[in-house]
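Structure first, then comments.
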Amino acid sequence: MKLFVEVELSSDEIPLATELFRTLRALTEHVKIRDVGKLFQSLIWRLEDGTQLDRVSNEVATLLTDSPEMAMQTLEEFQGAFVAVVFNHDLVLRQKSVVPFMYLLPRLPDHAKSRMRDFLIPKVLKHLTVKRPVEASRMEFFAHAEAFAALVNLEFVSINGAITTIITLLRKPETRCAAVTMLGKTVELCLQQLTEKCNSKTLQELNTALQSVTEDAFQYDINYIEESMSWSRPLHGMGGLHDLPSSGSLSTHGDLNKGLTMDSSSTSSGMLRKWQHQI
């Protein structure tokens with residue numbers, strides 16, 4: 001005899017869902033979840049509140065620990081839900097970072113972690129390597145650039161591999177805008193990895209490639225990157241320390257299309273610690 005039980009949950013009952021699934025799976029392996037993608041999205045959105053990471057990661061892990069015949073389908077639902085949230089344009093409009101969502105990745109079950117890495121890295125890079133004009137709106141790819149830097153920070157992408165990729169993109173005008181943004185976010189999130197783990201030859205190649213970036217659109221980015229890396233630009237170059245105003249304020253208003261905002265309150269011992277952006 002077979003007994004079918006169908007339970008419908010509203011959005012505010014989602015936190016209870018994983019407990020229910022855990023209980024049902026203790027009784028039988030034949031537990032199927034409908035609309036699991038919506039459930040995943042609701043859980044992932046809760047990560048805007050950083051204090052929810054432990055709870056959300058536990059609930060996601062419970063959902064991903066599905067019966068063998070459903071495991072792949074459930075993981076694909078999670079992948080779709082994750083990118084739907086992380087690359088939601090509303091986050092950029094609200095100037096919200098994608099980093100809190102990325103912290104979920106290392107907490108996934110091992111099988112899901114490796115598959116998410118293999119799924120996410122090509123997706124992010126494909127978007128960042130689209131040909132765009134130098135003056136392209138950064139709103140088109142800012143979340144992807146930040147996600148790339150977060151993947152480096154989490155060591156899903158090696159620092160040497162990341163910088164080699166950025167160097168290649170910097171050298172091409174059609175990918176330079178994304179490359180500068182990727183580098184700025186990587187410097188912001190991975191400065192210690194850059195200074196301690198990146199090959200010195202690779203860093204020198206990066207410095208050389210950066211010297212060739214002279215477009216005015218990237219002046220603020222270059223200032224921030226060179227200050228953070230303790231690099232100086234030749235006097236005939238653009239945007240070195242000698243070009244900064246001598247007054248106490250370094251605040252410059254701009255947008256994602258023109259550059260990044262630097263605030264003197266974020267400086268310490270001559271180094272800009274914060275890479276802010278305005279839309």
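Convention: chains lettered A, B, ... in structure tokens order; per-chain residue numbering from 1; ligands numbered from 1 as shown.
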
Proximity of region 14-103 of chain A to region 124-136 of chain A: per-residue shortest pair, 12 Å limit, only C-alpha atoms, as JSON lines:
{"residue": "A:Val83", "atom": "CA", "partner": "A:Val124", "partner_atom": "CA", "distance": 9.7}
{"residue": "A:Val86", "atom": "CA", "partner": "A:Val124", "partner_atom": "CA", "distance": 11.0}
{"residue": "A:Phe87", "atom": "CA", "partner": "A:Val124", "partner_atom": "CA", "distance": 9.8}

Could you save the residues just selected, with C-alpha atoms, as a compact mmCIF listing (two decimals), in the first residue's frame?
# COMPACT_ATOMS: atom_id res chain seq x y z
CA VAL A 83 22.20 33.08 -10.03
CA VAL A 86 22.99 37.01 -6.97
CA PHE A 87 22.72 38.58 -10.42

Practice item. Extract, using only C-alpha atoms, all DNA, RNA and protein residues at most 7 Å from region 99-107 of chain A, discarding same-chain residues fewer than 6 positions from it, and format them as an NGL selection string. Key: :A and (44 or 47-48 or 50 or 53 or 57 or 86 or 113 or 147 or 150)

Practice item. Once DSSP has gone over the backbone, tell me which residues of region 28-240 of chain A are in alpha helix (DSSP H), as a ChimeraX atom specification. Key: /A:36-45,53-64,68-86,89-93,99-102,110-128,142-153,159-170,173-197,200-211,219-228

Exercise for review: Find the distance between CA of Thr165 (chain A) and CA of Met116 (chain A) and write it in Å to one decimal.
Suggested key: 20.2 Å

Review point. Separation of CA of Glu8 (chain A) and CA of Thr62 (chain A), in Å?
Key: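 Distance between the two atoms: 18.1 Å.
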